[in-house]
>>> print(open('data-v6.cif').read())   # mmCIF, C-alpha atoms and all ligand atoms
data_structure
loop_
_atom_site.label_atom_id
_atom_site.label_comp_id
_atom_site.auth_asym_id
_atom_site.auth_seq_id
_atom_site.Cartn_x
_atom_site.Cartn_y
_atom_site.Cartn_z
CA MET A 23 7.10 5.91 16.01
CA SER A 24 5.13 7.32 18.97
CA GLU A 25 1.42 6.51 19.37
CA SER A 26 0.42 10.01 18.23
CA GLU A 27 2.44 9.60 15.01
CA LEU A 28 1.08 6.10 14.39
CA VAL A 29 -2.62 6.67 14.89
CA SER A 30 -4.81 8.78 12.57
CA VAL A 31 -8.46 9.41 13.29
CA SER A 32 -10.47 10.77 10.38
CA ARG A 33 -12.02 14.20 10.87
CA HIS A 34 -13.90 14.05 7.57
CA PRO A 35 -17.55 15.16 7.95
CA LEU A 36 -18.80 12.27 5.80
CA VAL A 37 -17.01 9.76 8.02
CA ARG A 38 -18.44 11.36 11.16
CA HIS A 39 -21.96 11.47 9.69
CA LYS A 40 -21.91 7.85 8.52
CA LEU A 41 -20.31 6.56 11.73
CA THR A 42 -23.15 8.07 13.72
CA ARG A 43 -25.69 6.24 11.55
CA LEU A 44 -23.65 3.03 11.88
CA ARG A 45 -23.74 3.21 15.67
CA ASP A 46 -27.51 3.80 15.81
CA GLU A 47 -29.23 0.71 17.23
CA ALA A 48 -32.12 1.34 14.82
CA THR A 49 -29.86 0.82 11.80
CA GLU A 50 -30.78 -2.49 10.15
CA PRO A 51 -28.21 -5.01 8.84
CA TRP A 52 -28.69 -4.05 5.19
CA GLN A 53 -28.16 -0.37 6.02
CA PHE A 54 -25.26 -1.29 8.30
CA ARG A 55 -23.54 -3.13 5.43
CA LEU A 56 -23.91 -0.12 3.11
CA LEU A 57 -22.46 2.19 5.77
CA VAL A 58 -19.52 -0.18 6.40
CA ARG A 59 -18.94 -0.11 2.67
CA ASP A 60 -18.90 3.71 2.39
CA LEU A 61 -16.80 4.16 5.52
CA SER A 62 -14.24 1.59 4.41
CA GLN A 63 -13.74 3.33 1.09
CA LEU A 64 -13.42 6.75 2.74
CA LEU A 65 -10.89 5.50 5.30
CA PHE A 66 -8.95 3.54 2.67
CA PHE A 67 -8.69 6.73 0.62
CA GLU A 68 -7.15 8.54 3.61
CA ALA A 69 -4.90 5.63 4.61
CA THR A 70 -3.32 5.26 1.17
CA HIS A 71 -2.25 8.87 0.57
CA ASP A 72 1.38 7.63 0.49
CA LEU A 73 1.06 4.95 -2.21
CA ARG A 74 3.86 5.21 -4.73
CA LEU A 75 3.13 6.09 -8.37
CA GLU A 76 5.15 5.47 -11.52
CA PRO A 77 5.10 7.37 -14.81
CA TRP A 78 2.60 5.99 -17.34
CA SER A 79 2.27 7.75 -20.67
CA MET A 80 -0.68 7.21 -22.96
CA ARG A 81 -2.74 8.90 -25.63
CA THR A 82 -6.03 10.61 -24.89
CA PRO A 83 -8.33 11.14 -27.93
CA LEU A 84 -6.69 14.60 -28.23
CA GLY A 85 -3.02 13.90 -27.64
CA GLU A 86 -0.18 12.51 -25.52
CA HIS A 87 -0.45 12.57 -21.74
CA ALA A 88 2.43 11.90 -19.34
CA GLY A 89 0.31 10.24 -16.65
CA GLU A 90 0.89 7.99 -13.66
CA ARG A 91 -0.27 4.64 -12.34
CA LEU A 92 -0.04 2.88 -8.99
CA ALA A 93 3.34 1.24 -8.60
CA GLU A 94 2.53 -0.80 -5.50
CA HIS A 95 0.78 -4.12 -5.07
CA ILE A 96 -1.77 -4.12 -2.26
CA GLY A 97 -2.81 -7.02 -0.05
CA LEU A 98 -6.07 -6.82 1.90
CA VAL A 99 -6.35 -8.91 5.04
CA PRO A 100 -9.92 -9.03 6.40
CA ILE A 101 -10.27 -10.48 9.89
CA LEU A 102 -13.30 -12.78 9.73
CA ARG A 103 -15.94 -12.24 9.88
CA ALA A 104 -16.60 -8.54 10.42
CA GLY A 105 -13.72 -7.47 8.16
CA LEU A 106 -15.36 -9.06 5.09
CA GLY A 107 -17.57 -6.07 4.27
CA MET A 108 -14.58 -3.74 4.51
CA ALA A 109 -12.43 -5.82 2.14
CA ASP A 110 -15.22 -6.12 -0.45
CA ALA A 111 -15.70 -2.35 -0.47
CA ILE A 112 -11.99 -1.64 -0.87
CA LEU A 113 -11.65 -4.23 -3.65
CA ASP A 114 -14.01 -2.13 -5.73
CA LEU A 115 -11.44 0.70 -5.58
CA VAL A 116 -8.38 -1.50 -6.15
CA PRO A 117 -9.64 -4.59 -8.02
CA SER A 118 -6.11 -5.93 -8.51
CA ALA A 119 -5.49 -6.26 -4.76
CA CYS A 120 -5.00 -9.74 -3.29
CA VAL A 121 -7.26 -10.79 -0.42
CA TRP A 122 -5.98 -13.04 2.35
CA HIS A 123 -8.60 -14.16 4.83
CA LEU A 124 -7.68 -14.60 8.47
CA GLY A 125 -10.24 -16.23 10.73
CA LEU A 126 -9.99 -15.00 14.32
CA TYR A 127 -12.66 -14.90 16.98
CA ARG A 128 -12.48 -13.54 20.47
CA ASP A 129 -12.99 -16.24 23.11
CA HIS A 130 -15.84 -15.04 25.34
CA GLU A 131 -14.15 -16.26 28.54
CA THR A 132 -10.50 -15.34 28.05
CA LEU A 133 -11.13 -12.49 25.54
CA ARG A 134 -8.03 -13.74 23.72
CA PRO A 135 -8.18 -14.19 19.92
CA VAL A 136 -8.43 -17.75 18.61
CA THR A 137 -7.13 -18.37 15.09
CA TYR A 138 -9.32 -20.82 13.14
CA TYR A 139 -8.52 -20.00 9.49
CA ASN A 140 -5.46 -18.72 7.65
CA LYS A 141 -5.47 -18.38 3.86
CA LEU A 142 -2.11 -16.63 3.45
CA PRO A 143 -0.34 -17.86 0.30
CA ALA A 144 3.19 -19.26 0.46
CA SER A 145 4.60 -16.34 -1.49
CA LEU A 146 3.52 -12.78 -0.67
CA ALA A 147 4.34 -10.64 -3.70
CA ILE A 148 2.91 -7.40 -2.39
CA ASP A 149 4.32 -4.07 -1.20
CA VAL A 150 1.82 -3.13 1.49
CA ALA A 151 -0.78 -5.08 3.46
CA LEU A 152 -3.88 -3.55 5.00
CA VAL A 153 -5.50 -5.44 7.86
CA VAL A 154 -9.19 -4.53 7.94
CA ASP A 155 -11.51 -5.03 10.91
CA PRO A 156 -14.27 -2.64 12.03
CA MET A 157 -13.53 -3.00 15.76
CA LEU A 158 -10.31 -2.60 17.75
CA ALA A 159 -11.40 -3.41 21.31
CA THR A 160 -8.65 -4.99 23.46
CA GLY A 161 -6.48 -4.98 20.32
CA GLY A 162 -5.78 -8.71 20.68
CA SER A 163 -7.22 -9.75 17.31
CA ALA A 164 -5.49 -6.97 15.38
CA ALA A 165 -2.13 -7.59 17.10
CA THR A 166 -2.36 -11.33 16.35
CA ALA A 167 -3.23 -10.66 12.69
CA VAL A 168 -0.23 -8.33 12.33
CA SER A 169 2.05 -10.90 14.02
CA ILE A 170 0.89 -13.58 11.54
CA LEU A 171 1.71 -11.26 8.62
CA LYS A 172 5.12 -10.41 10.04
CA GLU A 173 5.91 -14.10 10.58
CA ALA A 174 5.03 -14.60 6.90
CA GLY A 175 7.67 -12.00 6.00
CA LEU A 176 5.62 -8.86 5.46
CA ARG A 177 7.16 -5.62 6.66
CA ARG A 178 4.86 -2.81 5.49
CA ILE A 179 1.54 -3.25 7.24
CA LYS A 180 -1.28 -0.82 8.07
CA LEU A 181 -4.44 -1.33 10.07
CA LEU A 182 -7.81 0.08 9.06
CA GLY A 183 -10.63 0.12 11.61
CA LEU A 184 -13.93 1.92 12.07
CA ILE A 185 -14.12 2.26 15.87
CA ALA A 186 -11.43 1.68 18.51
CA ALA A 187 -11.14 1.77 22.27
CA PRO A 188 -8.19 3.67 23.77
CA GLU A 189 -7.09 0.40 25.41
CA GLY A 190 -6.88 -1.36 22.03
CA VAL A 191 -5.02 1.48 20.35
CA GLN A 192 -2.45 1.52 23.13
CA ALA A 193 -2.02 -2.28 23.16
CA LEU A 194 -1.57 -2.46 19.39
CA SER A 195 0.85 0.48 19.28
CA GLN A 196 2.96 -1.08 22.03
CA THR A 197 3.09 -4.52 20.39
CA HIS A 198 3.59 -3.20 16.84
CA PRO A 199 5.04 0.34 17.00
CA ASP A 200 5.81 0.17 13.26
CA VAL A 201 2.18 -0.28 12.12
CA PRO A 202 0.18 2.86 11.26
CA VAL A 203 -3.44 2.71 12.42
CA HIS A 204 -6.23 4.53 10.53
CA LEU A 205 -9.54 4.87 12.36
CA GLY A 206 -12.95 6.42 12.07
CA ALA A 207 -13.18 7.13 15.81
CA ILE A 208 -11.65 6.40 19.19
CA ASP A 209 -14.38 5.91 21.79
CA SER A 210 -14.51 6.28 25.57
CA HIS A 211 -13.57 2.88 27.07
CA LEU A 212 -14.21 -0.88 27.20
CA ASP A 213 -17.00 -2.25 29.38
CA GLU A 214 -16.66 -5.25 31.72
CA ARG A 215 -17.11 -7.64 28.73
CA SER A 216 -14.51 -5.67 26.75
CA TYR A 217 -17.09 -4.20 24.38
CA ILE A 218 -16.40 -0.68 23.12
CA VAL A 219 -18.53 2.05 24.78
CA PRO A 220 -20.48 3.64 23.18
CA GLY A 221 -19.27 1.68 20.11
CA LEU A 222 -21.92 -0.05 18.02
CA GLY A 223 -22.30 -3.47 19.65
CA ASP A 224 -21.07 -6.61 17.90
CA ALA A 225 -19.93 -5.63 14.41
CA GLY A 226 -20.26 -9.17 13.00
CA ASP A 227 -23.78 -9.65 14.34
CA ARG A 228 -24.92 -6.23 13.17
CA GLN A 229 -23.47 -6.74 9.69
CA PHE A 230 -24.89 -10.22 9.16
CA GLY A 231 -28.10 -10.05 11.24
CA THR A 232 -27.09 -12.79 13.67
CA GLN A 233 -27.94 -11.04 16.91
C1 LIG B 301 -14.76 -8.76 16.77
C2 LIG B 301 -14.15 -7.74 15.84
C3 LIG B 301 -12.67 -7.97 16.05
C4 LIG B 301 -12.60 -8.34 17.51
C5 LIG B 301 -12.11 -7.14 18.28
O1 LIG B 301 -14.75 -10.02 16.22
O2 LIG B 301 -14.56 -7.86 14.52
O3 LIG B 301 -12.14 -8.99 15.23
O4 LIG B 301 -13.93 -8.68 17.92
O5 LIG B 301 -11.88 -7.46 19.60
P1 LIG B 301 -10.43 -7.40 20.26
O6 LIG B 301 -9.79 -6.13 19.81
O7 LIG B 301 -10.73 -7.42 21.74
O8 LIG B 301 -9.65 -8.62 19.83
P2 LIG B 301 -15.45 -11.28 16.96
O9 LIG B 301 -14.50 -11.95 17.88
O10 LIG B 301 -16.75 -10.81 17.58
O11 LIG B 301 -15.70 -12.28 15.77
P3 LIG B 301 -16.81 -12.23 14.60
O12 LIG B 301 -16.41 -11.12 13.67
O13 LIG B 301 -16.65 -13.55 13.96
O14 LIG B 301 -18.15 -12.00 15.22
N1 LIG B 302 -16.10 -6.77 18.98
C1 LIG B 302 -17.18 -6.09 18.53
O1 LIG B 302 -17.76 -6.46 17.51
N2 LIG B 302 -17.59 -5.02 19.22
C2 LIG B 302 -16.97 -4.59 20.34
O2 LIG B 302 -17.41 -3.59 20.93
C3 LIG B 302 -15.86 -5.31 20.79
C4 LIG B 302 -15.43 -6.39 20.08
#
>>> encode(input="data-v6.cif", output="structure tokens")
Amino acid sequence: MSESELVSVSRHPLVRHKLTRLRDEATEPWQFRLLVRDLSQLLFFEATHDLRLEPWSMRTPLGEHAGERLAEHIGLVPILRAGLGMADAILDLVPSACVWHLGLYRDHETLRPVTYYNKLPASLAIDVALVVDPMLATGGSAATAVSILKEAGLRRIKLLGLIAAPEGVQALSQTHPDVPVHLGAIDSHLDERSYIVPGLGDAGDRQFGTQ
């Protein structure tokens, strides 16, 4: 798939409104967490438009209904620590999803991701995995997370992020051209420390008040 086919950026007014509030330096951690929550659910909704359904008939109080239910098992893969708030929010929509935590941090000198925690189970009985992380900067963390999932045998993987840099989108699409990317926004560029401009700063610090 080409980059333009792989990458979707939400145009929804609610997403744009809430992203603006998320970026605001005056937004406090508790407000930031609520906004991450709302945005994650909105983007998850858009990113899962292709989930398969199966017939599911039941009785309403007034009669028979030939309904449907989700036929796919979902795995959520939050990249620690900033992805935690996204996974929690999505779990409220799909409580039966599995959650596999991947601990990656970006080394401040090399800017390369360092893996420090991996809670993937031995057997992955799911149909689609969603890697969730608010920020796609150089794309190194996301690409490493997807590689870990592929090495574990997963084939259908999507990435959900709130804000990306063009550099990160390009790097991820080149390394994993089979992984659809669903974003709230693509910003201008990376600065000299590889932070997204204008971005929102450090998503982990802003979510957990550790600045
Ligand atoms: C942030 C963010 C991503 C990563 C993005 O995590 O949540 O995981 O940086 O950068 P990249 O695209 O250049 O790899 P960070 O390393 O700050 O860890 P933290 O969530 O524990 O603070
Ligand atoms: N990680 C963040 O949290 N923010 C950025 O802008 C880049 C990486």
>>> residues_around(input="data-v6.cif", residues="range 212-228 of chain A", least_positions_apart="5", cutoff="10 Å", atoms="all atoms listed in the file", output="MDAnalysis selection string")
chainID A and resid 41:47 49:55 58 102:107 130:131 133 155:160 184:190 207 233
>>> write_last_selection(input="data-v6.cif", atoms="C-alpha atoms", output="PDB file, keeping the file's coordinate frame")
ATOM      1  CA  LEU A  41     -20.310   6.560  11.730  1.00  0.00           C
ATOM      2  CA  THR A  42     -23.150   8.070  13.720  1.00  0.00           C
ATOM      3  CA  ARG A  43     -25.690   6.240  11.550  1.00  0.00           C
ATOM      4  CA  LEU A  44     -23.650   3.030  11.880  1.00  0.00           C
ATOM      5  CA  ARG A  45     -23.740   3.210  15.670  1.00  0.00           C
ATOM      6  CA  ASP A  46     -27.510   3.800  15.810  1.00  0.00           C
ATOM      7  CA  GLU A  47     -29.230   0.710  17.230  1.00  0.00           C
ATOM      8  CA  THR A  49     -29.860   0.820  11.800  1.00  0.00           C
ATOM      9  CA  GLU A  50     -30.780  -2.490  10.150  1.00  0.00           C
ATOM     10  CA  PRO A  51     -28.210  -5.010   8.840  1.00  0.00           C
ATOM     11  CA  TRP A  52     -28.690  -4.050   5.190  1.00  0.00           C
ATOM     12  CA  GLN A  53     -28.160  -0.370   6.020  1.00  0.00           C
ATOM     13  CA  PHE A  54     -25.260  -1.290   8.300  1.00  0.00           C
ATOM     14  CA  ARG A  55     -23.540  -3.130   5.430  1.00  0.00           C
ATOM     15  CA  VAL A  58     -19.520  -0.180   6.400  1.00  0.00           C
ATOM     16  CA  LEU A 102     -13.300 -12.780   9.730  1.00  0.00           C
ATOM     17  CA  ARG A 103     -15.940 -12.240   9.880  1.00  0.00           C
ATOM     18  CA  ALA A 104     -16.600  -8.540  10.420  1.00  0.00           C
ATOM     19  CA  GLY A 105     -13.720  -7.470   8.160  1.00  0.00           C
ATOM     20  CA  LEU A 106     -15.360  -9.060   5.090  1.00  0.00           C
ATOM     21  CA  GLY A 107     -17.570  -6.070   4.270  1.00  0.00           C
ATOM     22  CA  HIS A 130     -15.840 -15.040  25.340  1.00  0.00           C
ATOM     23  CA  GLU A 131     -14.150 -16.260  28.540  1.00  0.00           C
ATOM     24  CA  LEU A 133     -11.130 -12.490  25.540  1.00  0.00           C
ATOM     25  CA  ASP A 155     -11.510  -5.030  10.910  1.00  0.00           C
ATOM     26  CA  PRO A 156     -14.270  -2.640  12.030  1.00  0.00           C
ATOM     27  CA  MET A 157     -13.530  -3.000  15.760  1.00  0.00           C
ATOM     28  CA  LEU A 158     -10.310  -2.600  17.750  1.00  0.00           C
ATOM     29  CA  ALA A 159     -11.400  -3.410  21.310  1.00  0.00           C
ATOM     30  CA  THR A 160      -8.650  -4.990  23.460  1.00  0.00           C
ATOM     31  CA  LEU A 184     -13.930   1.920  12.070  1.00  0.00           C
ATOM     32  CA  ILE A 185     -14.120   2.260  15.870  1.00  0.00           C
ATOM     33  CA  ALA A 186     -11.430   1.680  18.510  1.00  0.00           C
ATOM     34  CA  ALA A 187     -11.140   1.770  22.270  1.00  0.00           C
ATOM     35  CA  PRO A 188      -8.190   3.670  23.770  1.00  0.00           C
ATOM     36  CA  GLU A 189      -7.090   0.400  25.410  1.00  0.00           C
ATOM     37  CA  GLY A 190      -6.880  -1.360  22.030  1.00  0.00           C
ATOM     38  CA  ALA A 207     -13.180   7.130  15.810  1.00  0.00           C
ATOM     39  CA  GLN A 233     -27.940 -11.040  16.910  1.00  0.00           C
TER      40      GLN A 233
END
>>> atom_distance(input="data-v6.cif", atom1="CA of Asp110 in chain A", atom2="CA of Pro135 in chain A")
23.0 Å
>>> closest_residue(input="data-v6.cif", among="A:Ala119, A:Met23, A:Leu92, A:Leu194", to="ligand LIG 301 (chain B)", atoms="all atoms listed in the file")
A:Leu194
>>> axis_aligned_box(input="data-v6.cif", around="range 49-56 of chain A", padding_each_side="8 Å", output="JSON")
{"center_x": -27.2, "center_y": -2.1, "center_z": 7.5, "size_x": 23.2, "size_y": 21.8, "size_z": 24.7}
>>> closest_residue(input="data-v6.cif", among="A:Ala93, A:Asn140, A:Val150, A:Phe66", to="Ala109 in chain A", atoms="only C-alpha atoms")
A:Phe66
>>> atom_distance(input="data-v6.cif", atom1="CA of Asp60 in chain A", atom2="CA of Leu205 in chain A")
13.7 Å
>>> atom_distance(input="data-v6.cif", atom1="atom N2 of ligand LIG 302 (chain B)", atom2="CA of Leu113 in chain A")
23.6 Å
>>> closest_residue(input="data-v6.cif", among="A:His123, A:Arg81, A:Arg38, A:Arg134", to="ligand LIG 302 (chain B)", atoms="all atoms listed in the file")
A:Arg134
>>> build_atoms(input="data-v6.cif", residues="range 74-90 of chain A", atoms="N, CA and C atoms", output="CSV table (one decimal), in the frame of the given file")
chain,number,residue,atom,x,y,z
A,74,ARG,N,2.9,4.7,-3.7
A,74,ARG,CA,3.9,5.2,-4.7
A,74,ARG,C,3.2,5.1,-6.1
A,75,LEU,N,3.6,6.1,-7.0
A,75,LEU,CA,3.1,6.1,-8.4
A,75,LEU,C,4.3,5.9,-9.3
A,76,GLU,N,4.1,5.5,-10.5
A,76,GLU,CA,5.2,5.5,-11.5
A,76,GLU,C,4.6,6.1,-12.8
A,77,PRO,N,5.6,6.7,-13.6
A,77,PRO,CA,5.1,7.4,-14.8
A,77,PRO,C,4.4,6.4,-15.7
A,78,TRP,N,3.4,6.8,-16.4
A,78,TRP,CA,2.6,6.0,-17.3
A,78,TRP,C,2.0,6.9,-18.4
A,79,SER,N,2.7,6.9,-19.6
A,79,SER,CA,2.3,7.8,-20.7
A,79,SER,C,1.3,7.0,-21.6
A,80,MET,N,0.3,7.8,-22.0
A,80,MET,CA,-0.7,7.2,-23.0
A,80,MET,C,-1.2,8.3,-23.8
A,81,ARG,N,-2.1,7.9,-24.8
A,81,ARG,CA,-2.7,8.9,-25.6
A,81,ARG,C,-4.2,9.1,-25.2
A,82,THR,N,-4.6,10.3,-25.0
A,82,THR,CA,-6.0,10.6,-24.9
A,82,THR,C,-6.6,10.8,-26.3
A,83,PRO,N,-7.8,10.9,-26.5
A,83,PRO,CA,-8.3,11.1,-27.9
A,83,PRO,C,-7.7,12.4,-28.5
A,84,LEU,N,-7.2,13.3,-27.7
A,84,LEU,CA,-6.7,14.6,-28.2
A,84,LEU,C,-5.2,14.7,-28.2
A,85,GLY,N,-4.5,13.8,-27.6
A,85,GLY,CA,-3.0,13.9,-27.6
A,85,GLY,C,-2.3,13.1,-26.6
A,86,GLU,N,-1.0,13.3,-26.5
A,86,GLU,CA,-0.2,12.5,-25.5
A,86,GLU,C,-0.4,13.0,-24.1
A,87,HIS,N,-0.4,12.1,-23.1
A,87,HIS,CA,-0.4,12.6,-21.7
A,87,HIS,C,0.6,11.8,-20.9
A,88,ALA,N,1.5,12.5,-20.2
A,88,ALA,CA,2.4,11.9,-19.3
A,88,ALA,C,1.7,11.7,-18.0
A,89,GLY,N,1.1,10.5,-17.9
A,89,GLY,CA,0.3,10.2,-16.6
A,89,GLY,C,1.1,9.4,-15.7
A,90,GLU,N,0.3,8.8,-14.7
A,90,GLU,CA,0.9,8.0,-13.7
A,90,GLU,C,0.0,6.8,-13.4
